[in-house]
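Below is data-v9.cif, holding mmCIF, C-alpha atoms.
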data_model
loop_
_atom_site.label_atom_id
_atom_site.label_comp_id
_atom_site.auth_asym_id
_atom_site.auth_seq_id
_atom_site.Cartn_x
_atom_site.Cartn_y
_atom_site.Cartn_z
CA MET A 12 0.00 0.00 0.00
CA SER A 13 1.54 3.30 -1.01
CA PHE A 14 1.12 6.72 0.53
CA GLU A 15 -1.72 8.60 -1.11
CA LEU A 16 -3.37 11.89 -0.29
CA LEU A 17 -7.12 12.14 -0.30
CA HIS A 18 -8.60 14.86 -2.45
CA MET A 19 -11.91 16.56 -1.93
CA ARG A 20 -14.55 16.42 -4.60
CA SER A 21 -16.71 19.46 -5.11
CA ALA A 22 -19.34 20.70 -7.53
CA PRO A 23 -18.05 22.33 -10.74
CA ASN A 24 -19.34 25.78 -9.75
CA SER A 25 -18.45 25.53 -6.07
CA THR A 26 -16.47 28.17 -4.26
CA ILE A 27 -13.57 25.73 -3.98
CA LYS A 28 -13.53 25.10 -7.73
CA MET A 29 -13.71 28.83 -8.41
CA ILE A 30 -10.73 29.44 -6.10
CA MET A 31 -8.76 26.68 -7.79
CA LYS A 32 -9.60 28.06 -11.23
CA GLU A 33 -8.64 31.58 -10.16
CA LEU A 34 -5.25 30.29 -9.01
CA GLY A 35 -4.77 27.88 -11.91
CA MET A 36 -4.67 24.84 -9.63
CA ALA A 37 -5.46 21.40 -11.04
CA LYS A 38 -6.12 19.97 -7.59
CA GLY A 39 -6.07 21.03 -3.99
CA ALA A 40 -3.92 19.84 -1.13
CA GLY A 41 -4.46 16.59 0.69
CA TYR A 42 -3.50 18.27 3.94
CA GLY A 43 -4.56 21.90 3.74
CA ALA A 44 -2.68 23.15 6.78
CA LEU A 45 0.65 21.67 5.72
CA ASP A 46 0.53 21.36 1.94
CA ILE A 47 0.22 25.00 0.87
CA LYS A 48 -0.63 25.11 -2.85
CA GLY A 49 -1.60 28.73 -3.42
CA ASN A 50 -1.94 32.28 -2.14
CA ILE A 51 -5.04 34.22 -3.17
CA ALA A 52 -5.54 37.98 -3.12
CA VAL A 53 -8.50 39.70 -1.51
CA GLU A 54 -9.43 41.06 -4.96
CA GLN A 55 -9.78 37.52 -6.27
CA LEU A 56 -11.93 36.58 -3.27
CA VAL A 57 -14.11 39.64 -3.86
CA LYS A 58 -14.71 38.43 -7.42
CA ILE A 59 -15.61 34.91 -6.25
CA ALA A 60 -17.69 36.09 -3.28
CA ASP A 61 -19.65 38.51 -5.45
CA ALA A 62 -20.47 35.70 -7.89
CA LYS A 63 -21.38 33.19 -5.15
CA MET A 64 -22.98 35.53 -2.60
CA LYS A 65 -26.57 34.37 -3.14
CA ASP A 66 -25.50 30.72 -2.72
CA MET A 67 -23.60 31.50 0.49
CA SER A 68 -26.53 32.99 2.41
CA ALA A 69 -24.28 35.95 3.24
CA TYR A 70 -25.96 39.25 4.01
CA THR A 71 -22.97 41.36 3.02
CA LEU A 72 -20.13 41.07 0.56
CA LYS A 73 -17.74 41.30 3.50
CA ASN A 74 -19.25 38.14 5.01
CA ALA A 75 -19.19 36.41 1.63
CA VAL A 76 -15.48 37.21 1.28
CA LYS A 77 -14.81 35.66 4.69
CA THR A 78 -16.84 32.59 3.71
CA ALA A 79 -14.87 32.26 0.48
CA ALA A 80 -11.64 32.58 2.48
CA GLY A 81 -12.80 29.70 4.67
CA ALA A 82 -13.13 27.54 1.57
CA CYS A 83 -9.39 27.97 1.05
CA VAL A 84 -8.51 25.89 4.12
CA PRO A 85 -9.09 22.34 2.84
CA ILE A 86 -7.34 22.94 -0.48
CA GLY A 87 -4.17 24.43 0.99
CA VAL A 88 -4.59 28.05 -0.02
CA ILE A 89 -3.50 30.97 2.11
CA VAL A 90 -5.06 34.41 1.73
CA GLU A 91 -2.93 37.53 1.41
CA GLY A 92 -0.02 35.58 2.91
CA MET A 93 -1.88 34.42 6.02
CA ILE A 94 -4.09 31.59 7.13
CA PRO A 95 -7.76 32.26 6.31
CA LYS A 96 -8.68 32.62 9.98
CA ASP A 97 -6.22 35.49 10.40
CA PHE A 98 -7.41 37.03 7.13
CA ALA A 99 -11.03 36.94 8.36
CA ARG A 100 -9.96 38.71 11.55
CA LYS A 101 -8.31 41.47 9.47
CA VAL A 102 -11.48 41.75 7.35
CA ASP A 103 -13.47 42.26 10.55
CA GLU A 104 -11.00 44.96 11.59
CA GLY A 105 -11.62 46.78 8.28
CA ALA A 106 -8.22 46.13 6.72
CA TYR A 107 -9.74 45.30 3.32
CA ASP A 108 -12.78 47.58 3.29
CA LYS A 109 -11.45 49.51 0.28
CA GLU A 110 -11.22 46.38 -1.89
CA ILE A 111 -14.47 44.84 -0.64
CA ASN A 112 -16.66 47.96 -0.66
CA GLY A 113 -15.21 49.07 -3.99
CA LYS A 114 -15.66 45.56 -5.44
CA ILE A 115 -12.08 45.69 -6.69
CA THR A 116 -11.32 42.47 -8.57
CA THR A 117 -8.07 43.23 -10.38
CA VAL A 118 -4.75 42.21 -8.86
CA SER A 119 -1.75 44.39 -9.73
CA GLU A 120 1.47 42.84 -11.03
CA ASP A 121 3.34 44.04 -7.93
CA LYS A 122 0.79 42.32 -5.70
CA LYS A 123 1.06 39.11 -7.75
CA LYS A 124 4.82 39.13 -7.11
CA LEU A 125 4.23 39.70 -3.40
CA LEU A 126 1.72 36.83 -3.27
CA ALA A 127 4.22 34.52 -5.01
CA LYS A 128 6.93 35.50 -2.51
CA GLN A 129 4.58 34.92 0.44
CA LEU A 130 3.62 31.52 -0.95
CA LYS A 131 7.26 30.41 -1.21
CA GLU A 132 7.89 31.58 2.36
CA TRP A 133 4.90 29.60 3.66
CA GLN A 134 5.88 26.50 1.72
CA ALA A 135 9.40 26.64 3.15
CA LYS A 136 8.00 27.19 6.64
CA VAL A 137 5.67 24.15 6.63
CA ALA A 138 7.75 21.78 4.48
CA PRO A 139 9.53 20.04 7.40
CA ASP A 140 6.25 19.37 9.21
CA PHE A 141 4.61 18.13 6.00
CA GLU A 142 7.52 15.75 5.32
CA GLU A 143 7.25 14.40 8.88
CA VAL A 144 3.53 13.73 8.43
CA LYS A 145 4.15 11.97 5.12
CA LYS A 146 6.83 9.75 6.71
CA LYS A 147 4.50 8.82 9.57
CA LEU A 148 1.69 7.96 7.15
CA GLU A 149 4.03 5.87 5.01
CA ALA A 150 5.29 3.99 8.09
CA LYS A 151 1.72 3.36 9.21
CA ALA A 152 0.77 2.10 5.74
CA GLN A 153 3.76 -0.26 5.69
CA LYS A 154 2.90 -1.57 9.15
CA GLU A 155 -0.71 -2.22 8.07
CA ALA A 156 0.47 -3.93 4.87
CA MET A 157 2.76 -6.21 6.88
CA LYS A 158 -0.09 -7.01 9.27
CA GLU A 159 -2.37 -7.85 6.33
CA ALA A 160 0.32 -10.02 4.72
CA LYS A 161 0.85 -11.88 8.01
CA ALA A 162 -2.88 -12.45 8.38
CA ALA A 163 -3.15 -13.67 4.78
CA SER A 164 -0.24 -16.09 5.18
CA GLY A 165 -1.74 -17.33 8.46
CA ALA A 166 -5.07 -17.90 6.73
CA ALA A 167 -3.33 -19.76 3.90
CA LEU A 168 -1.54 -22.07 6.39
CA ALA A 169 -4.82 -22.72 8.21
CA ALA A 170 -6.52 -23.55 4.93
CA LYS A 171 -3.84 -26.16 4.10
CA LYS A 172 -4.47 -28.01 7.38
#

Take the structure I supplied and represent it as structure tokens, if you would.
Amino acid sequence: MSFELLHMRSAPNSTIKMIMKELGMAKGAGYGALDIKGNIAVEQLVKIADAKMKDMSAYTLKNAVKTAAGACVPIGVIVEGMIPKDFARKVDEGAYDKEINGKITTVSEDKKKLLAKQLKEWQAKVAPDFEEVKKKLEAKAQKEAMKEAKAASGAALAAKK
């Protein structure tokens, strides 16, 4: 049995799929907190939240943006260089009111470079922990495979008797 990551399945027009499309991701992370795959800008979330607002049952665009940010967690996407929970706190504090209230959906080239830099920093930060988790899962899978092989060989010996 080899080490495999589980991937979420979601509807084609879901918030998760829209985030992945916006970032050009083919698939999300198996372990969202450790396998960081992307970094999305508030402007991109405003675009997604505005399109999905009626489906989210959000009363305001601000709440829809926070909901969209929450959808980033299971697919390994950070928001503006921070975990979605911290981003939501900053939204509550008014840090992104200009972008949200102005429905700004265009990301500048300078900001794209900053997002790419932040993503690399996060990936480097969590890489050791992610490697440790992968090793533990591989060891567990090998142990289970050996247990299954032992049980199968024991059953085969019992069948011969």

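Here the PyMOL selection byres ((chain A and resi 110) around 12) catches exactly these residues: Ala52, Val53, Glu54, Gln55, Leu56, Val57, Lys58, Leu72, Lys73, Val76, Val102, Gly105, Ala106, Tyr107, Asp108, Lys109, Ile111, Asn112, Gly113, Lys114, Ile115, Thr116, Thr117 and Val118 of chain A.
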
Selected residues, C-alpha atoms, written as a PDB file, keeping the file's coordinate frame, please.
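Wrote out04.pdb, looks like this:
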ATOM      1  CA  ALA A  52      -5.540  37.980  -3.120  1.00  0.00           C
ATOM      2  CA  VAL A  53      -8.500  39.700  -1.510  1.00  0.00           C
ATOM      3  CA  GLU A  54      -9.430  41.060  -4.960  1.00  0.00           C
ATOM      4  CA  GLN A  55      -9.780  37.520  -6.270  1.00  0.00           C
ATOM      5  CA  LEU A  56     -11.930  36.580  -3.270  1.00  0.00           C
ATOM      6  CA  VAL A  57     -14.110  39.640  -3.860  1.00  0.00           C
ATOM      7  CA  LYS A  58     -14.710  38.430  -7.420  1.00  0.00           C
ATOM      8  CA  LEU A  72     -20.130  41.070   0.560  1.00  0.00           C
ATOM      9  CA  LYS A  73     -17.740  41.300   3.500  1.00  0.00           C
ATOM     10  CA  VAL A  76     -15.480  37.210   1.280  1.00  0.00           C
ATOM     11  CA  VAL A 102     -11.480  41.750   7.350  1.00  0.00           C
ATOM     12  CA  GLY A 105     -11.620  46.780   8.280  1.00  0.00           C
ATOM     13  CA  ALA A 106      -8.220  46.130   6.720  1.00  0.00           C
ATOM     14  CA  TYR A 107      -9.740  45.300   3.320  1.00  0.00           C
ATOM     15  CA  ASP A 108     -12.780  47.580   3.290  1.00  0.00           C
ATOM     16  CA  LYS A 109     -11.450  49.510   0.280  1.00  0.00           C
ATOM     17  CA  ILE A 111     -14.470  44.840  -0.640  1.00  0.00           C
ATOM     18  CA  ASN A 112     -16.660  47.960  -0.660  1.00  0.00           C
ATOM     19  CA  GLY A 113     -15.210  49.070  -3.990  1.00  0.00           C
ATOM     20  CA  LYS A 114     -15.660  45.560  -5.440  1.00  0.00           C
ATOM     21  CA  ILE A 115     -12.080  45.690  -6.690  1.00  0.00           C
ATOM     22  CA  THR A 116     -11.320  42.470  -8.570  1.00  0.00           C
ATOM     23  CA  THR A 117      -8.070  43.230 -10.380  1.00  0.00           C
ATOM     24  CA  VAL A 118      -4.750  42.210  -8.860  1.00  0.00           C
TER      25      VAL A 118
END

Q.
As a check of understanding, name the residues that the PyMOL selection byres ((chain A and resi 94) around 10) selects in the supplied structure, as JSON, numbers by chain.
A. {"A": [44, 50, 80, 81, 83, 84, 87, 88, 89, 90, 91, 92, 93, 95, 96, 97, 98, 99, 133]}

Of the candidates A:Arg100, A:Lys48, A:Lys38, A:Lys32, which shows the shortest atom-to-atom distance to Ala127 in chain A, using all atoms listed in the file?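 Closest to Ala127 in chain A, using all atoms listed in the file: A:Lys48.
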
Would you mind telling me which residue in A:Ala79, A:Leu126, A:Ala163, A:Ala37 lies nearest to Ala60 in chain A when using only C-alpha atoms?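 Residue with the minimum atom-to-atom distance to Ala60 in chain A: A:Ala79.
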
Atom pair CA of Ile47 in chain A + CA of Gln153 in chain A, distance 26.0 Å

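We find CA of Met67 in chain A and CA of Met29 in chain A to be spaced 13.6 Å apart.
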
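Rounded to one decimal, CA of Glu143 in chain A and CA of Lys131 in chain A lie 18.9 Å from each other.
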